[in-house]
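Structure file my_file-v3.txt (compact mmCIF, C-alpha atoms) follows.
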```
# COMPACT_ATOMS: atom_id res chain seq x y z
CA MET A 1 58.04 33.08 -51.12
CA LYS A 2 57.57 29.50 -52.26
CA LEU A 3 54.00 29.06 -53.44
CA GLY A 4 54.07 25.36 -54.20
CA VAL A 5 56.14 22.37 -55.17
CA ARG A 6 55.77 20.93 -58.66
CA SER A 7 55.49 17.16 -58.48
CA ARG A 8 57.82 15.14 -60.69
CA VAL A 9 55.97 12.69 -62.93
CA THR A 10 58.07 10.10 -64.69
CA ALA A 11 57.35 8.37 -68.00
CA GLU A 12 56.92 5.13 -66.04
CA ASP A 13 54.19 6.77 -63.94
CA VAL A 14 52.33 7.89 -67.06
CA ILE A 15 52.56 4.47 -68.73
CA ASP A 16 51.49 2.73 -65.54
CA GLY A 17 48.39 4.91 -65.38
CA LEU A 18 47.22 4.02 -68.89
CA THR A 19 44.16 1.83 -69.38
CA THR A 20 45.88 0.32 -72.43
CA ALA A 21 48.02 -2.70 -71.54
CA VAL A 22 51.69 -1.98 -72.30
CA VAL A 23 54.62 -4.43 -72.25
CA ALA A 24 58.22 -3.57 -73.26
CA LEU A 25 60.55 -6.32 -74.47
CA ASP A 26 64.34 -6.27 -74.71
CA GLU A 27 66.52 -7.71 -77.45
CA GLY A 28 65.91 -11.24 -76.15
CA LEU A 29 62.11 -10.81 -76.00
CA ARG A 30 62.31 -10.65 -72.22
CA VAL A 31 59.92 -8.41 -70.31
CA SER A 32 61.65 -5.18 -69.36
CA MET A 33 58.54 -3.23 -68.37
CA ILE A 34 54.88 -4.02 -67.74
CA ASN A 35 52.17 -1.63 -66.60
CA SER A 36 49.25 -2.27 -64.25
CA ALA A 37 46.73 -2.68 -67.07
CA ALA A 38 48.81 -5.52 -68.56
CA GLU A 39 49.13 -7.15 -65.13
CA GLY A 40 45.36 -7.19 -64.79
CA LEU A 41 44.70 -8.28 -68.38
CA PHE A 42 47.05 -11.28 -68.27
CA GLU A 43 46.74 -11.96 -64.52
CA VAL A 44 50.49 -11.80 -63.95
CA SER A 45 52.65 -10.27 -61.24
CA ARG A 46 55.09 -7.56 -62.26
CA ARG A 47 57.65 -8.95 -59.84
CA LEU A 48 57.59 -12.35 -61.53
CA ALA A 49 57.24 -11.07 -65.09
CA LEU A 50 60.17 -8.63 -65.18
CA GLY A 51 63.25 -10.24 -66.73
CA ALA A 52 61.38 -13.38 -67.78
CA PRO A 53 60.94 -14.45 -71.43
CA LEU A 54 57.63 -13.18 -72.77
CA ALA A 55 56.24 -16.65 -73.58
CA GLU A 56 57.07 -17.76 -70.04
CA ALA A 57 55.74 -14.67 -68.24
CA MET A 58 52.62 -14.53 -70.44
CA PRO A 59 51.99 -17.87 -72.18
CA HIS A 60 49.26 -16.18 -74.22
CA PHE A 61 52.03 -14.98 -76.56
CA GLY A 62 53.55 -18.43 -77.18
CA PRO A 63 51.98 -18.86 -80.65
CA HIS A 64 53.01 -15.29 -81.59
CA GLN A 65 56.68 -15.62 -80.65
CA GLY A 66 57.86 -15.94 -84.27
CA ARG A 67 55.96 -12.87 -85.41
CA LEU A 68 57.38 -10.78 -82.59
CA GLN A 69 60.93 -12.02 -83.20
CA ASP A 70 60.61 -11.12 -86.88
CA ALA A 71 59.38 -7.63 -86.01
CA LEU A 72 62.33 -7.20 -83.65
CA ASP A 73 64.88 -8.47 -86.19
CA ARG A 74 63.54 -6.31 -89.03
CA SER A 75 62.78 -3.28 -86.86
CA THR A 76 59.32 -3.12 -88.40
CA GLY A 77 56.17 -2.77 -86.37
CA PHE A 78 52.71 -4.11 -87.06
CA ILE A 79 49.10 -3.74 -85.99
CA GLU A 80 46.71 -6.68 -85.66
CA ARG A 81 43.02 -6.18 -84.96
CA GLU A 82 41.05 -8.55 -82.72
CA THR A 83 44.01 -10.80 -81.95
CA ARG A 84 42.98 -13.74 -79.81
CA LEU A 85 45.48 -14.49 -77.05
CA ALA A 86 44.80 -17.83 -75.39
CA ARG A 87 46.33 -19.73 -72.48
CA ASN A 88 45.56 -23.20 -71.20
CA GLY A 89 43.34 -23.07 -68.15
CA SER A 90 42.30 -19.42 -68.61
CA PRO A 91 39.73 -17.72 -70.81
CA ALA A 92 41.15 -16.19 -73.99
CA VAL A 93 41.40 -12.42 -74.35
CA THR A 94 40.85 -10.53 -77.60
CA VAL A 95 42.92 -7.39 -78.16
CA ASP A 96 43.95 -4.91 -80.79
CA LEU A 97 47.73 -5.47 -80.75
CA THR A 98 50.31 -2.88 -81.80
CA ALA A 99 54.03 -3.77 -81.87
CA THR A 100 56.49 -0.86 -82.19
CA PRO A 101 60.30 -1.24 -82.39
CA PHE A 102 62.37 1.11 -80.21
CA VAL A 103 65.97 1.53 -79.11
CA VAL A 104 67.19 2.03 -75.56
CA GLY A 105 70.85 3.04 -75.64
CA LYS A 106 72.18 0.93 -78.47
CA LYS A 107 70.01 -2.11 -77.92
CA PRO A 108 66.76 -2.78 -79.79
CA GLY A 109 63.49 -3.55 -78.12
CA LEU A 110 59.81 -3.95 -78.85
CA LEU A 111 56.89 -2.10 -77.32
CA LEU A 112 53.56 -3.95 -77.24
CA GLU A 113 50.30 -2.05 -76.77
CA MET A 114 47.13 -4.06 -76.28
CA LEU A 115 43.65 -2.59 -76.19
CA PRO A 116 41.15 -5.22 -75.00
CA VAL A 117 38.13 -5.46 -77.28
CA ASP A 118 36.45 -8.14 -75.15
CA ARG A 119 35.19 -5.39 -72.90
CA HIS A 120 33.56 -3.43 -75.72
CA LEU A 121 32.05 -6.56 -77.23
CA ARG A 122 30.76 -7.63 -73.82
CA ILE A 123 29.26 -4.20 -73.12
CA SER A 124 27.39 -4.21 -76.45
CA ARG A 125 26.19 -7.77 -75.92
CA ASP A 126 25.19 -7.15 -72.30
CA GLU A 127 23.26 -4.00 -73.23
CA LEU A 128 21.36 -5.90 -75.92
CA PHE A 129 20.69 -8.78 -73.56
CA GLN A 130 19.56 -6.41 -70.80
CA SER A 131 17.08 -4.63 -73.06
CA GLN A 132 15.70 -7.97 -74.26
CA PHE A 133 15.56 -9.27 -70.70
CA ASP A 134 13.72 -6.18 -69.42
CA ALA A 135 11.20 -6.25 -72.27
CA SER A 136 10.59 -9.96 -71.82
CA ARG A 137 10.19 -9.61 -68.07
CA GLU A 138 7.69 -6.76 -68.38
CA LEU A 139 5.67 -8.81 -70.87
CA ILE A 140 5.66 -11.81 -68.53
CA ARG A 141 4.69 -9.68 -65.53
CA GLY A 142 1.77 -8.15 -67.41
CA LEU A 143 0.62 -11.53 -68.69
CA ALA A 144 0.97 -13.14 -65.26
CA HIS A 145 -1.13 -10.47 -63.55
CA GLU A 146 -3.82 -10.83 -66.22
CA ILE A 147 -3.90 -14.58 -65.56
CA LYS A 148 -3.96 -14.32 -61.76
CA ASN A 149 -7.21 -12.36 -61.60
CA PRO A 150 -9.49 -14.88 -63.37
CA LEU A 151 -7.76 -17.75 -61.58
CA GLY A 152 -8.87 -16.31 -58.27
CA GLY A 153 -12.44 -16.10 -59.55
CA ILE A 154 -12.42 -19.69 -60.83
CA ARG A 155 -11.07 -21.00 -57.52
CA GLY A 156 -13.69 -19.06 -55.56
CA ALA A 157 -16.51 -20.35 -57.76
CA ALA A 158 -15.28 -23.95 -57.34
CA GLN A 159 -15.27 -23.53 -53.56
CA LEU A 160 -18.83 -22.21 -53.64
CA LEU A 161 -19.91 -25.20 -55.75
CA GLU A 162 -18.25 -27.51 -53.26
CA HIS A 163 -20.37 -26.02 -50.47
CA GLU A 164 -23.54 -26.17 -52.58
CA PHE A 165 -23.00 -29.82 -53.60
CA PRO A 166 -21.20 -31.55 -50.76
CA ASP A 167 -21.75 -35.06 -52.14
CA SER A 168 -18.65 -37.03 -53.11
CA GLN A 169 -19.33 -37.10 -56.86
CA HIS A 170 -19.47 -33.32 -57.23
CA ARG A 171 -16.67 -32.81 -54.70
CA GLU A 172 -14.35 -34.83 -56.94
CA TYR A 173 -14.93 -32.39 -59.82
CA THR A 174 -14.52 -29.27 -57.71
CA ARG A 175 -11.34 -30.68 -56.17
CA VAL A 176 -9.89 -31.17 -59.68
CA ILE A 177 -10.70 -27.54 -60.53
CA ILE A 178 -9.15 -26.21 -57.32
CA ARG A 179 -6.05 -28.39 -57.68
CA GLU A 180 -5.45 -27.28 -61.28
CA VAL A 181 -6.04 -23.62 -60.41
CA ASP A 182 -3.48 -23.90 -57.59
CA ARG A 183 -1.00 -25.51 -60.00
CA LEU A 184 -1.45 -22.64 -62.47
CA GLN A 185 -1.15 -20.14 -59.61
CA ASN A 186 2.20 -21.63 -58.61
CA LEU A 187 3.34 -21.49 -62.23
CA VAL A 188 2.40 -17.82 -62.47
CA ASN A 189 4.23 -17.06 -59.21
CA ARG A 190 7.35 -18.71 -60.62
CA MET A 191 7.02 -16.60 -63.77
CA LEU A 192 6.91 -13.46 -61.63
CA GLY A 193 10.01 -14.51 -59.70
CA PRO A 194 10.86 -13.53 -56.12
CA ASN A 195 8.92 -10.60 -54.72
CA ARG A 196 11.65 -9.41 -52.36
CA ALA A 197 15.02 -7.75 -52.68
CA PRO A 198 18.10 -9.95 -52.08
CA GLN A 199 18.97 -10.35 -48.37
CA LYS A 200 22.73 -10.34 -48.80
CA VAL A 201 25.19 -11.72 -46.28
CA LEU A 202 28.89 -12.59 -46.37
CA LEU A 203 29.42 -16.30 -47.01
CA ASN A 204 31.72 -18.90 -48.45
CA ILE A 205 30.64 -19.67 -52.01
CA HIS A 206 31.90 -23.25 -51.73
CA GLU A 207 29.68 -23.99 -48.73
CA LEU A 208 26.73 -22.88 -50.83
CA LEU A 209 27.83 -24.99 -53.83
CA GLU A 210 28.38 -28.05 -51.66
CA HIS A 211 24.84 -27.75 -50.34
CA VAL A 212 23.48 -27.72 -53.92
CA ARG A 213 25.82 -30.52 -55.01
CA ARG A 214 24.57 -32.81 -52.23
CA LEU A 215 20.95 -32.12 -53.18
CA VAL A 216 21.54 -32.99 -56.84
CA GLN A 217 23.80 -35.95 -56.11
CA ALA A 218 20.98 -37.45 -54.02
CA GLU A 219 18.63 -37.14 -57.03
CA ALA A 220 21.14 -38.40 -59.58
CA PRO A 221 21.25 -41.95 -60.96
CA ALA A 222 24.12 -44.12 -59.69
CA GLU A 223 26.05 -43.72 -62.97
CA VAL A 224 26.08 -39.91 -62.83
CA ALA A 225 29.06 -38.30 -61.08
CA VAL A 226 29.06 -34.71 -59.82
CA LEU A 227 32.71 -33.63 -59.48
CA ARG A 228 34.26 -30.57 -57.83
CA ASP A 229 37.08 -28.35 -59.05
CA TYR A 230 37.21 -25.48 -56.57
CA ASP A 231 39.69 -22.65 -56.16
CA PRO A 232 40.14 -22.45 -52.36
CA SER A 233 41.66 -18.96 -52.55
CA ILE A 234 38.36 -17.31 -53.55
CA PRO A 235 37.32 -14.82 -50.86
CA GLU A 236 33.86 -14.74 -49.30
CA VAL A 237 31.10 -13.10 -51.32
CA VAL A 238 28.10 -10.98 -50.35
CA VAL A 239 24.98 -12.68 -51.73
CA ASP A 240 21.49 -13.82 -50.83
CA ARG A 241 22.11 -17.45 -49.92
CA GLU A 242 18.67 -18.80 -50.85
CA GLN A 243 18.48 -16.95 -54.15
CA ILE A 244 21.92 -18.07 -55.35
CA ILE A 245 21.19 -21.64 -54.21
CA GLN A 246 18.03 -21.55 -56.35
CA ALA A 247 19.92 -20.12 -59.35
CA VAL A 248 22.65 -22.79 -59.18
CA LEU A 249 20.16 -25.56 -58.45
CA ASN A 250 18.10 -24.77 -61.56
CA ILE A 251 21.17 -25.02 -63.80
CA LEU A 252 22.56 -28.10 -62.07
CA ARG A 253 19.24 -29.92 -62.44
CA ASN A 254 19.22 -29.02 -66.13
CA ALA A 255 22.68 -30.59 -66.41
CA LEU A 256 21.41 -33.68 -64.61
CA GLN A 257 18.56 -34.03 -67.08
CA ALA A 258 20.96 -33.46 -69.99
CA VAL A 259 23.31 -36.33 -69.07
CA GLY A 260 20.46 -38.80 -68.47
CA ASN A 261 21.24 -42.07 -66.69
CA SER A 262 25.02 -41.82 -66.98
CA GLY A 263 27.38 -38.92 -67.37
CA LEU A 264 29.68 -36.40 -65.77
CA ILE A 265 28.88 -33.02 -64.23
CA THR A 266 31.61 -30.71 -62.93
CA LEU A 267 31.27 -27.76 -60.56
CA ARG A 268 34.22 -25.39 -61.05
CA THR A 269 35.13 -22.08 -59.41
CA ARG A 270 37.68 -19.51 -60.53
CA THR A 271 38.25 -15.78 -60.18
CA ARG A 272 38.26 -13.28 -63.04
CA ARG A 273 39.90 -9.88 -62.86
CA GLN A 274 38.82 -6.66 -64.54
CA LEU A 275 35.59 -8.09 -65.94
CA THR A 276 32.83 -5.89 -67.34
CA ILE A 277 29.22 -6.86 -66.62
CA ALA A 278 26.41 -4.66 -67.92
CA ALA A 279 28.84 -1.76 -68.56
CA VAL A 280 30.22 -1.94 -65.01
CA ARG A 281 33.89 -2.80 -64.59
CA HIS A 282 34.58 -5.11 -61.64
CA LYS A 283 38.06 -5.63 -60.22
CA LEU A 284 37.32 -9.16 -59.06
CA VAL A 285 34.56 -11.59 -60.03
CA VAL A 286 33.89 -15.20 -59.01
CA GLN A 287 33.13 -17.49 -61.94
CA ILE A 288 31.07 -20.61 -61.22
CA ASP A 289 31.08 -23.11 -64.08
CA ILE A 290 28.53 -25.94 -64.31
CA GLU A 291 29.77 -28.30 -67.02
CA ASP A 292 28.16 -31.46 -68.33
CA ASN A 293 29.03 -33.96 -71.04
CA GLY A 294 25.48 -34.27 -72.37
CA PRO A 295 24.39 -33.82 -76.00
CA GLY A 296 24.60 -30.03 -75.84
CA VAL A 297 22.15 -27.21 -76.56
CA PRO A 298 20.93 -27.07 -80.18
CA ARG A 299 22.56 -24.18 -82.01
CA ASP A 300 19.24 -22.60 -82.97
CA MET A 301 18.25 -22.51 -79.28
CA MET A 302 21.38 -20.84 -77.90
CA GLU A 303 20.08 -17.29 -78.27
CA LYS A 304 16.70 -18.18 -76.75
CA ILE A 305 17.42 -20.34 -73.71
CA PHE A 306 17.16 -17.45 -71.23
CA TYR A 307 13.74 -16.40 -72.51
CA PRO A 308 10.71 -17.52 -70.46
CA MET A 309 8.73 -20.52 -71.71
CA VAL A 310 11.58 -21.68 -74.02
CA THR A 311 12.67 -25.26 -73.41
CA THR A 312 14.19 -28.19 -75.29
CA ARG A 313 12.30 -30.76 -73.17
CA ALA A 314 8.67 -31.74 -73.67
CA GLU A 315 8.10 -31.83 -69.90
CA GLY A 316 9.99 -28.59 -69.19
CA THR A 317 8.36 -25.28 -68.22
CA GLY A 318 11.08 -23.03 -69.64
CA LEU A 319 11.24 -21.00 -66.41
CA GLY A 320 14.35 -22.35 -64.67
CA LEU A 321 17.03 -20.54 -66.69
CA PRO A 322 15.19 -17.17 -66.92
CA LEU A 323 14.64 -17.27 -63.15
CA SER A 324 18.31 -18.09 -62.54
CA GLN A 325 19.38 -15.23 -64.81
CA TYR A 326 17.05 -12.88 -62.97
CA LEU A 327 18.37 -13.92 -59.55
CA VAL A 328 22.01 -13.59 -60.59
CA HIS A 329 21.31 -10.29 -62.35
CA SER A 330 19.78 -8.91 -59.15
CA HIS A 331 23.24 -9.47 -57.61
CA GLY A 332 24.95 -7.47 -60.36
CA GLY A 333 26.03 -10.68 -62.10
CA LEU A 334 25.39 -12.56 -65.31
CA ILE A 335 24.98 -16.11 -66.63
CA GLU A 336 26.53 -17.15 -69.95
CA CYS A 337 26.41 -20.42 -71.84
CA ARG A 338 28.63 -22.10 -74.39
CA SER A 339 27.80 -25.51 -75.79
CA ARG A 340 28.84 -28.19 -78.22
CA PRO A 341 28.02 -31.90 -78.29
CA GLY A 342 29.69 -33.49 -75.28
CA CYS A 343 30.42 -30.24 -73.45
CA THR A 344 27.97 -27.63 -72.19
CA VAL A 345 29.15 -24.98 -69.73
CA PHE A 346 26.96 -22.48 -67.90
CA SER A 347 29.11 -19.78 -66.28
CA ILE A 348 27.74 -17.69 -63.42
CA TYR A 349 29.62 -14.44 -62.77
CA LEU A 350 29.18 -12.74 -59.38
CA PRO A 351 31.08 -9.58 -58.42
CA ILE A 352 33.27 -9.83 -55.32
CA GLU A 353 33.14 -6.62 -53.32
CA THR A 354 36.61 -5.80 -52.03
CA ALA A 355 37.55 -3.09 -49.63
```

Written form, C-alpha cells:
Amino acid sequence: MKLGVRSRVTAEDVIDGLTTAVVALDEGLRVSMINSAAEGLFEVSRRLALGAPLAEAMPHFGPHQGRLQDALDRSTGFIERETRLARNGSPAVTVDLTATPFVVGKKPGLLLEMLPVDRHLRISRDELFQSQFDASRELIRGLAHEIKNPLGGIRGAAQLLEHEFPDSQHREYTRVIIREVDRLQNLVNRMLGPNRAPQKVLLNIHELLEHVRRLVQAEAPAEVAVLRDYDPSIPEVVVDREQIIQAVLNILRNALQAVGNSGLITLRTRTRRQLTIAAVRHKLVVQIDIEDNGPGVPRDMMEKIFYPMVTTRAEGTGLGLPLSQYLVHSHGGLIECRSRPGCTVFSIYLPIETA
C-alpha cells in the first residue's frame, strides 16, 4: 500500500526560497542564475537578467566589475562587509557580499551571496525613532491637557467680565483675552493632532498630490516653480485623503518657505520593493519625495526636526513636521529627510496593500 509520495525538491528550489540574495555568474561574468530575493533586492526581472552581463543586468555592480573578474581569474573568493551598491536613479543598497568561486562541468563561475544590512539598520533606527516619538507624543499630550483646563477658565472669566462691563473700553480688553485664548486653544489642538482614526479609501496618489501642488503653487511667488516627476505605473493606495493631504501640505509649505522668493521644488513619486518600516516588511511601498533647492537643514537640527516645538524659523511653531510624521505613521508609513545646501529631500513612504 502506497502511503504517500515524497516530493522532489531541487537545489534551485532551495536557493530560490532563501532570504539571502544569490546570483551565479558564468566564466564571462554573465548571470546564469538569480533567486527571488536578488530579484527583489535589485528590482530586476529574472527573464531579462539571465544570460546578460552582470553590469548590464544589475548596474549596481558596475564599479565592482574588476574585483569580481579578479576573483574569477584567481579562483579566490572574498567577503566584504557593508558594501554599498549604487545605481543611478535608484536608492543605494548596503549588503554583506560574499563571492565564492565554483566549477560547473569544466567551466569556472562565481557565486555571489548578498545579505542586505539596510533592513537591520532601518529596523534599529525605526525602533529608536518610534520610542522617541511615543515618549515625545505622550509628553505633549499631557502638557496640552494641562494647558487646556486653565484656558477654559480664563475664557469663561473674560466672558463674564464682558457681561459685567458692556462698555466699549472694557469690551476691547476682554475681546483681546478671548482672542488670545482661542489662538492658544487652536495651538494646543494642533499639538494633540487629529482625534479620529484614519478614514481610508482607495485613491490615486497623484490626484492627491496634484491637489496639494495647486494649493502651494497659488501661494508661491512668481519665481518659484513646483515641478512634477511622477511614476504613472504606481497603483492606487488605501489612505485617508484629508490626513495625507495635510501631511504633504505641511512639508511642501516648508519647502516653499525654504526657497524664498525664487527656487525650485520637485514632487517625485516612485515605488520601493521589499522595504522595512518599523520592523514590518512591505512588498511594495510608494515613495513620495518633496525636494527643494533651498539652503538646507542645519546639520545640528537634522536629528530634531520631527520633535514638537523644534523649528529653524523665528515665526515657526515647530508642529508641522511632527504632525506630518504622526499622520503618515498612522498609515503604517514613515517620513525621512536628507539634506545638504542646495538639496533637501523629504521622503514619505506609504505601504501599498496588494492582494

- [ ] Would you mind reading off the distance between atom CA of A:Met58 and atom CA of A:Pro108, one decimal, in Å?
- [x]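 We find that atom CA of A:Met58 and atom CA of A:Pro108 lie 20.6 Å from each other.
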
Task: Interatomic distance, atom CA of A:Leu151 to atom CA of A:Ile305 (Å, one decimal) - done: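 Interatomic distance, atom CA of A:Leu151 to atom CA of A:Ile305: 28.1 Å.
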
Open item on the list: Set the distance at 8 Å and use all atoms listed in the file: which residues neighbour A:Leu97 once local chain neighbours fewer than 6 positions away are removed? I'd like the list as a VMD selection string.
Closed with: chain A and resid 79 to 83 112 to 115

Open item on the list: Under the rule that all atoms listed in the file are counted, which of A:Gly17, A:Gly105, A:Gly153, A:Gly28 is the nearest residue to A:Gln65?
Closed with: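 Of A:Gly17, A:Gly105, A:Gly153, A:Gly28, the one nearest A:Gln65 is A:Gly28, counting all atoms listed in the file.
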
Open item on the list: Counting all atoms listed in the file, which residue out of A:Leu327, A:Ala86, A:Ser45, A:Arg74 sits closest to A:Gly62?
Closed with: A:Ala86

Task: Near-A:Ile265 list (12 Å; only C-alpha atoms; drop same-chain fewer than 2 positions) as a PyMOL selection string - done: chain A and resi 213+216-217+220+223-229+251-260+262-263+267-268+289-294+342-346

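What separates atom CA of A:Ile205 from atom CA of A:Cys337 is a distance of 20.3 Å.
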
Open item on the list: When you look at A:Ala38 with a cut-off of 8 Å (counting only C-alpha atoms), what residues show up, excluding the ones that are within fewer than 5 positions of it in the same chain? I need them as a ChimeraX atom specification.
Closed with: /A:20-23,43-44

Would you mind putting back N, CA and C atoms on stretch 5-36 of chain A, then writing it out as an mmCIF file, in the coordinates of the input?
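After the write, rebuild-v3.cif holds the following:
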```cif
data_model
loop_
_atom_site.group_PDB
_atom_site.id
_atom_site.type_symbol
_atom_site.label_atom_id
_atom_site.label_comp_id
_atom_site.auth_asym_id
_atom_site.auth_seq_id
_atom_site.Cartn_x
_atom_site.Cartn_y
_atom_site.Cartn_z
ATOM 1 N N VAL A 5 55.108 23.280 -54.685
ATOM 2 C CA VAL A 5 56.140 22.370 -55.170
ATOM 3 C C VAL A 5 55.555 21.595 -56.350
ATOM 4 N N ARG A 6 56.239 21.653 -57.489
ATOM 5 C CA ARG A 6 55.770 20.930 -58.660
ATOM 6 C C ARG A 6 56.180 19.463 -58.538
ATOM 7 N N SER A 7 55.201 18.578 -58.615
ATOM 8 C CA SER A 7 55.490 17.160 -58.480
ATOM 9 C C SER A 7 56.184 16.665 -59.741
ATOM 10 N N ARG A 8 57.095 15.711 -59.569
ATOM 11 C CA ARG A 8 57.820 15.140 -60.690
ATOM 12 C C ARG A 8 57.127 13.858 -61.134
ATOM 13 N N VAL A 9 56.656 13.843 -62.369
ATOM 14 C CA VAL A 9 55.970 12.690 -62.930
ATOM 15 C C VAL A 9 56.882 12.056 -63.965
ATOM 16 N N THR A 10 57.184 10.802 -63.768
ATOM 17 C CA THR A 10 58.070 10.100 -64.690
ATOM 18 C C THR A 10 57.268 9.453 -65.820
ATOM 19 N N ALA A 11 57.999 9.059 -66.881
ATOM 20 C CA ALA A 11 57.350 8.370 -68.000
ATOM 21 C C ALA A 11 56.744 7.053 -67.528
ATOM 22 N N GLU A 12 57.431 6.390 -66.581
ATOM 23 C CA GLU A 12 56.920 5.130 -66.040
ATOM 24 C C GLU A 12 55.582 5.345 -65.338
ATOM 25 N N ASP A 13 55.446 6.468 -64.621
ATOM 26 C CA ASP A 13 54.190 6.770 -63.940
ATOM 27 C C ASP A 13 53.052 6.945 -64.941
ATOM 28 N N VAL A 14 53.353 7.641 -66.041
ATOM 29 C CA VAL A 14 52.330 7.890 -67.060
ATOM 30 C C VAL A 14 51.888 6.577 -67.697
ATOM 31 N N ILE A 15 52.873 5.750 -68.084
ATOM 32 C CA ILE A 15 52.560 4.470 -68.730
ATOM 33 C C ILE A 15 51.790 3.564 -67.786
ATOM 34 N N ASP A 16 52.157 3.588 -66.511
ATOM 35 C CA ASP A 16 51.490 2.730 -65.540
ATOM 36 C C ASP A 16 50.045 3.161 -65.313
ATOM 37 N N GLY A 17 49.744 4.421 -65.587
ATOM 38 C CA GLY A 17 48.390 4.910 -65.380
ATOM 39 C C GLY A 17 47.482 4.726 -66.577
ATOM 40 N N LEU A 18 48.024 4.215 -67.690
ATOM 41 C CA LEU A 18 47.220 4.020 -68.890
ATOM 42 C C LEU A 18 46.256 2.849 -68.715
ATOM 43 N N THR A 19 45.092 2.956 -69.371
ATOM 44 C CA THR A 19 44.160 1.830 -69.380
ATOM 45 C C THR A 19 44.538 0.822 -70.468
ATOM 46 N N THR A 20 45.364 1.240 -71.412
ATOM 47 C CA THR A 20 45.880 0.320 -72.430
ATOM 48 C C THR A 20 46.989 -0.518 -71.815
ATOM 49 N N ALA A 21 46.979 -1.819 -72.059
ATOM 50 C CA ALA A 21 48.020 -2.700 -71.540
ATOM 51 C C ALA A 21 49.301 -2.482 -72.348
ATOM 52 N N VAL A 22 50.412 -2.256 -71.641
ATOM 53 C CA VAL A 22 51.690 -1.980 -72.300
ATOM 54 C C VAL A 22 52.759 -2.911 -71.728
ATOM 55 N N VAL A 23 53.516 -3.557 -72.639
ATOM 56 C CA VAL A 23 54.620 -4.430 -72.250
ATOM 57 C C VAL A 23 55.819 -4.070 -73.124
ATOM 58 N N ALA A 24 56.976 -3.828 -72.506
ATOM 59 C CA ALA A 24 58.220 -3.570 -73.260
ATOM 60 C C ALA A 24 59.093 -4.810 -73.200
ATOM 61 N N LEU A 25 59.689 -5.149 -74.351
ATOM 62 C CA LEU A 25 60.550 -6.320 -74.470
ATOM 63 C C LEU A 25 61.951 -5.886 -74.860
ATOM 64 N N ASP A 26 62.967 -6.589 -74.325
ATOM 65 C CA ASP A 26 64.340 -6.270 -74.710
ATOM 66 C C ASP A 26 64.748 -7.067 -75.932
ATOM 67 N N GLU A 27 66.044 -7.052 -76.234
ATOM 68 C CA GLU A 27 66.520 -7.710 -77.450
ATOM 69 C C GLU A 27 66.349 -9.230 -77.426
ATOM 70 N N GLY A 28 66.126 -9.800 -76.256
ATOM 71 C CA GLY A 28 65.910 -11.240 -76.150
ATOM 72 C C GLY A 28 64.444 -11.601 -75.931
ATOM 73 N N LEU A 29 63.546 -10.647 -76.227
ATOM 74 C CA LEU A 29 62.110 -10.810 -76.000
ATOM 75 C C LEU A 29 61.801 -11.158 -74.543
ATOM 76 N N ARG A 30 62.576 -10.547 -73.648
ATOM 77 C CA ARG A 30 62.310 -10.650 -72.220
ATOM 78 C C ARG A 30 61.564 -9.388 -71.772
ATOM 79 N N VAL A 31 60.736 -9.532 -70.782
ATOM 80 C CA VAL A 31 59.920 -8.410 -70.310
ATOM 81 C C VAL A 31 60.798 -7.428 -69.537
ATOM 82 N N SER A 32 60.868 -6.209 -70.047
ATOM 83 C CA SER A 32 61.650 -5.180 -69.360
ATOM 84 C C SER A 32 60.764 -4.157 -68.653
ATOM 85 N N MET A 33 59.496 -4.125 -69.025
ATOM 86 C CA MET A 33 58.540 -3.230 -68.370
ATOM 87 C C MET A 33 57.128 -3.748 -68.617
ATOM 88 N N ILE A 34 56.284 -3.630 -67.608
ATOM 89 C CA ILE A 34 54.880 -4.020 -67.740
ATOM 90 C C ILE A 34 54.055 -3.087 -66.871
ATOM 91 N N ASN A 35 52.973 -2.555 -67.414
ATOM 92 C CA ASN A 35 52.170 -1.630 -66.600
ATOM 93 C C ASN A 35 51.027 -2.373 -65.906
ATOM 94 N N SER A 36 50.305 -1.641 -65.070
ATOM 95 C CA SER A 36 49.250 -2.270 -64.250
ATOM 96 C C SER A 36 48.137 -2.853 -65.100
#
```
